[in-house]
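> Below are the structure tokens for one structure; questions will follow.
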Amino acid sequence: MQRLPYGSWPSPIDAALAAAHDGRPEYVGFVGEEAWWTEPRPAEGGRRTLVRRRADGREESLLPAPWNVRSRVIEYGGQPWAGTVVAGRPLVVFVNFADQRLYRYEPGGEPRPLTPVSPVGGGLRWVEPQLQVERGEVWCVLEEFTGDGPTDVRRVLAAVPLDGSAAQDRDAVRELSDDRHRFVTGPRVSPDGRSAVWLAWDHPRMPWDGTELVLAGVAEDGTLGQTRTLAGGPEESIAQADWAPDGSLLYASDRTGWWNLYRDGVALCPREEEFGGPLWKLGQRWFAPLDSGLIAVVHGRGATALGILDPETGEVVDAAGPWTEFASTLAVHGERVVTVGASPRSAYEVVELDTRAGRARVIGAEHQDAVDPAYYPEPQIRTFTGPAGRDIHAHIYPPHHPGCVSPGDELPPYVVWVHGGPTSRAPLVLDLEIAYFTSRGIGVAEVNYGGSTGHGREYRNRLREQWGVVDVEDCAAVALALADEGTADRERLAIRGGSAGGWTTAASLAATDVYACGTILYPVLDLAGWGAGETHDFESQYLETLVGPLAEVPGRYAERSPAEHADRITAPFLLLQGLDDVICPPAQCERFLARMEGRRVSHAYLTFEGEGHGFRRAETMIRVLESELSLYAQVFGLNPRGVPTLELTK
């Protein structure tokens, strides 16, 4: 066993390895008997491809570069493909990221466009396609820009002809609904074909604040009739709705403070845990009804399990296996369930559960240990006490190396990782980016601060009008608790985060003296600018809840914005930004840096062409990780091996 200072331990997990394993499979579905899904390709410009698992078990990657199966509806996208079998052959429709057109694809042939390109604003975009082969259509959500501004947009349910007649003709697209609601999810058609349901909501609500479950009749000619609201409202979030094979209507509502499952309005399994989650992407699924009448569910409190719910008894039987976290994607065929699962020892992989045999197995994107698992972190699930005695949930990843320990009584440096959202959470799964640091002797603390999901509505409502306060306090409380208990070095604490996590990172550097440095990725920095039209439509009024109405509390927007308080920041920082980001645009960083000018605070600003909100290209992720490690090395006095030195300026 070698005795080496923290931060200098040699590790086989380099930035290139971490980048190669970034991302996860998503959007599982069945095409006949076959399971299909999308997968990331970091080395191919960060695109996503479509993967098919044939009946004999072979995986086949379809749609070569530059095809990129990804929607931009509400910028975060959602379910980008659907498939079925026609005359014994797969028929698939998918959204291509580059032009956002909907394409028809039959393996062995070339994709053919089904929708036109619009020169107006962000154009025409599509998500949640659902094939209606008997009608010769695909039903989906249409997002249509009416001008050049990010909020010049309307969203409706639409039917696209499968014969390609709308490829050059916008008028050939049949609108199924009006645009009275700002946001809608894709329609779910009842088993008898006579009814459809979808979710709808309007500014300033976000879908986890309040949504409506809308029902309409489907006429023989495929038109939708008069709509009526079945459930939901300003303070009730319906996360998902779907039909059971017997025609009953299932939905997940948080009317009790927890997203629980209901059938025709009656609670099936009332528990203080979540059977739903925040709808950041259209088409997320936390439950799926089986032909037997049972229901596959992704559920839990602070973590998620895959279970089978018996609606008659309310009993849930969880699938056995090594997975401790499941993503909000589910597909069923007969008695088969397919989803995506992970654990602290394995990355996300495609998992199939045979409910008849009670056996779960990996069927795709199988985790392979790229290095000896002895280098993986060994996380701890912790609950800390914050201001006013409130609970703060966190995952602690101490430095870990099979062949190294620190000399003497040295305490390790720690980095607080702040998740994005902020209405989201950090799952406890294997992440080689975390292992990149822990295997070198740098601890990581993932904080699910007040406002995070997974712990009920009351916990996530802690952030209402308190963004920049509760999140900052909770992260600082965890960092200081680790130092006070002798787990972390008080003088070598850092903080990092992206998007909303970038906001919390910058706000923490401006409001506290807890951290010696910080890494800020594609952040919100200027609340007034972001809340007054500098972001996309989906989140354009998010701050009305997180901070308060801009018209009523403009001073609060200024008081909390790091861009307004550059004079308070004295710790070195690294700022990272994609130049194609329309959610947190580069202008936010540029104003912030202009106000830092002359402050003589060590920092670096790295920008990346072709990257949007969240980095997807391998070369970008390598540069980001190495630069972040170099920042910590310079500030903490570490000596990592083989890492390029980041040039810091004042």
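Labels for the structure tokens follow display order: chains A, B, ..., residues from 1 in each chain, ligands from 1.
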Write out, as JSON lines, each residue of stretch 296-408 of chain A that has an atom at most 7 Å from stretch 469-489 of chain A, together with the closest pair of atoms and their distance in Å to one decimal, counting only C-alpha atoms, rows going by chain and rising number.

{"residue": "A:Phe384", "atom": "CA", "partner": "A:Val478", "partner_atom": "CA", "distance": 6.4}
{"residue": "A:Gly386", "atom": "CA", "partner": "A:Ala477", "partner_atom": "CA", "distance": 5.7}
{"residue": "A:Ile392", "atom": "CA", "partner": "A:Asp474", "partner_atom": "CA", "distance": 6.6}
> Name all residues at most 7 Å from A:Gly612 (count only C-alpha atoms; drop same-chain ones fewer than 5 positions away) and give them as a PyMOL selection string.
chain A and resi 578-581
> Report as a ChimeraX atom specification all protein, DNA and RNA residues lying within 8 Å of A:Glu433, evaluated on only C-alpha atoms, omitting residues in the same chain fewer than 6 positions from it.
/A:15,18-19,625
> Hey, can you spit out that residue selection with N, CA, C and O atoms as a compact mmCIF listing (two decimals), in the first residue's frame?

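Saved file selection20.txt follows:
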# COMPACT_ATOMS: atom_id res chain seq x y z
N ALA A 15 -9.63 11.02 -18.11
CA ALA A 15 -10.75 11.80 -18.61
C ALA A 15 -11.34 11.18 -19.87
O ALA A 15 -12.56 11.23 -20.08
N ALA A 18 -13.66 8.35 -18.79
CA ALA A 18 -14.90 8.88 -18.23
C ALA A 18 -15.81 9.42 -19.32
O ALA A 18 -17.03 9.21 -19.31
N ALA A 19 -15.22 10.12 -20.30
CA ALA A 19 -16.02 10.69 -21.39
C ALA A 19 -16.64 9.61 -22.26
O ALA A 19 -17.78 9.73 -22.71
N LEU A 625 -13.06 17.87 -17.70
CA LEU A 625 -12.60 17.14 -16.53
C LEU A 625 -11.15 17.47 -16.18
O LEU A 625 -10.81 17.68 -15.01
> Measure the distance from atom CA of A:Ala500 to atom CA of A:Cys140 in Å and round it to one decimal.
29.4 Å
> Do you know which residues are at most 10 Å from A:Leu629 counting only C-alpha atoms, after dropping those on the same chain fewer than 5 positions away, and could you put them as a ChimeraX atom specification?
/A:7,15,436-437,440,442,519,624,634,638-640,643-646
> Would you mind exporting all heavy atoms of the selected residues as a compact mmCIF listing (two decimals), in the first residue's frame?

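Result saved to out.txt:
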# COMPACT_ATOMS: atom_id res chain seq x y z
N GLY A 7 -5.07 13.56 -3.81
CA GLY A 7 -5.02 14.28 -5.07
C GLY A 7 -3.89 13.86 -5.98
O GLY A 7 -3.84 14.28 -7.14
N ALA A 15 -9.63 11.02 -18.11
CA ALA A 15 -10.75 11.80 -18.61
C ALA A 15 -11.34 11.18 -19.87
O ALA A 15 -12.56 11.23 -20.08
CB ALA A 15 -10.31 13.23 -18.88
N TYR A 436 -13.37 9.52 -11.33
CA TYR A 436 -12.18 10.23 -11.81
C TYR A 436 -11.54 11.02 -10.67
O TYR A 436 -10.30 11.07 -10.55
CB TYR A 436 -12.60 11.16 -12.95
CG TYR A 436 -11.51 12.05 -13.52
CD1 TYR A 436 -10.58 11.55 -14.42
CD2 TYR A 436 -11.44 13.40 -13.17
CE1 TYR A 436 -9.60 12.38 -14.96
CE2 TYR A 436 -10.47 14.23 -13.70
CZ TYR A 436 -9.55 13.72 -14.60
OH TYR A 436 -8.58 14.54 -15.14
N PHE A 437 -12.36 11.60 -9.81
CA PHE A 437 -11.84 12.39 -8.68
C PHE A 437 -11.56 11.52 -7.45
O PHE A 437 -10.50 11.63 -6.83
CB PHE A 437 -12.81 13.51 -8.33
CG PHE A 437 -12.93 14.55 -9.41
CD1 PHE A 437 -14.01 14.57 -10.28
CD2 PHE A 437 -11.94 15.51 -9.56
CE1 PHE A 437 -14.09 15.52 -11.28
CE2 PHE A 437 -12.01 16.47 -10.57
CZ PHE A 437 -13.10 16.47 -11.44
N ARG A 440 -8.41 9.53 -7.31
CA ARG A 440 -7.19 10.34 -7.19
C ARG A 440 -7.02 10.92 -5.79
O ARG A 440 -6.04 11.60 -5.52
CB ARG A 440 -7.21 11.46 -8.23
CG ARG A 440 -6.93 10.96 -9.63
CD ARG A 440 -7.14 12.03 -10.69
NE ARG A 440 -6.60 11.58 -11.96
CZ ARG A 440 -7.16 10.68 -12.76
NH1 ARG A 440 -8.33 10.17 -12.43
NH2 ARG A 440 -6.57 10.31 -13.88
N ILE A 442 -9.72 12.71 -4.08
CA ILE A 442 -10.58 13.89 -3.87
C ILE A 442 -12.00 13.40 -3.60
O ILE A 442 -12.58 12.69 -4.44
CB ILE A 442 -10.56 14.82 -5.09
CG1 ILE A 442 -9.14 15.31 -5.38
CG2 ILE A 442 -11.50 16.00 -4.88
CD1 ILE A 442 -9.00 16.09 -6.67
N THR A 519 -16.29 25.28 -9.70
CA THR A 519 -16.40 25.00 -11.13
C THR A 519 -17.85 25.23 -11.54
O THR A 519 -18.76 24.57 -11.02
CB THR A 519 -15.98 23.56 -11.45
OG1 THR A 519 -14.62 23.37 -11.03
CG2 THR A 519 -16.09 23.27 -12.94
N VAL A 624 -13.01 19.40 -20.13
CA VAL A 624 -13.69 19.88 -18.92
C VAL A 624 -13.14 19.19 -17.68
O VAL A 624 -12.80 19.84 -16.68
CB VAL A 624 -15.21 19.67 -19.05
CG1 VAL A 624 -15.90 19.82 -17.70
CG2 VAL A 624 -15.79 20.64 -20.06
N GLN A 634 -4.23 23.34 -8.41
CA GLN A 634 -3.56 24.61 -8.16
C GLN A 634 -4.02 25.27 -6.87
O GLN A 634 -3.23 25.84 -6.13
CB GLN A 634 -3.81 25.56 -9.34
CG GLN A 634 -3.16 25.09 -10.64
CD GLN A 634 -3.45 26.02 -11.80
OE1 GLN A 634 -3.14 27.21 -11.75
NE2 GLN A 634 -4.05 25.48 -12.86
N LEU A 638 -2.31 20.22 -4.91
CA LEU A 638 -2.26 18.79 -5.24
C LEU A 638 -1.28 18.56 -6.38
O LEU A 638 -0.85 19.48 -7.06
CB LEU A 638 -3.66 18.30 -5.66
CG LEU A 638 -4.83 18.68 -4.75
CD1 LEU A 638 -6.14 18.14 -5.33
CD2 LEU A 638 -4.61 18.16 -3.34
N ASN A 639 -0.95 17.29 -6.60
CA ASN A 639 0.00 16.94 -7.65
C ASN A 639 -0.52 15.77 -8.47
O ASN A 639 0.04 14.67 -8.45
CB ASN A 639 1.36 16.60 -7.04
CG ASN A 639 2.42 16.35 -8.12
OD1 ASN A 639 2.36 16.93 -9.21
ND2 ASN A 639 3.37 15.47 -7.81
N PRO A 640 -1.63 15.96 -9.22
CA PRO A 640 -2.13 14.86 -10.06
C PRO A 640 -1.19 14.61 -11.23
O PRO A 640 -0.53 15.52 -11.72
CB PRO A 640 -3.48 15.38 -10.54
CG PRO A 640 -3.33 16.87 -10.53
CD PRO A 640 -2.42 17.18 -9.37
N VAL A 643 -1.88 15.54 -16.02
CA VAL A 643 -3.02 16.42 -16.29
C VAL A 643 -2.50 17.77 -16.78
O VAL A 643 -1.69 18.40 -16.10
CB VAL A 643 -3.89 16.61 -15.04
CG1 VAL A 643 -5.02 17.59 -15.31
CG2 VAL A 643 -4.45 15.27 -14.59
N PRO A 644 -2.94 18.23 -17.96
CA PRO A 644 -2.49 19.54 -18.45
C PRO A 644 -2.85 20.65 -17.47
O PRO A 644 -3.90 20.62 -16.83
CB PRO A 644 -3.26 19.71 -19.77
CG PRO A 644 -3.67 18.32 -20.16
CD PRO A 644 -3.87 17.57 -18.89
N THR A 645 -1.97 21.62 -17.36
CA THR A 645 -2.20 22.73 -16.44
C THR A 645 -3.17 23.74 -17.05
O THR A 645 -2.98 24.21 -18.17
CB THR A 645 -0.88 23.43 -16.10
OG1 THR A 645 0.00 22.48 -15.47
CG2 THR A 645 -1.12 24.60 -15.15
N LEU A 646 -4.23 24.03 -16.30
CA LEU A 646 -5.19 25.04 -16.71
C LEU A 646 -4.60 26.42 -16.44
O LEU A 646 -4.16 26.71 -15.32
CB LEU A 646 -6.49 24.87 -15.93
CG LEU A 646 -7.56 25.95 -16.10
CD1 LEU A 646 -8.17 25.88 -17.50
CD2 LEU A 646 -8.65 25.79 -15.03
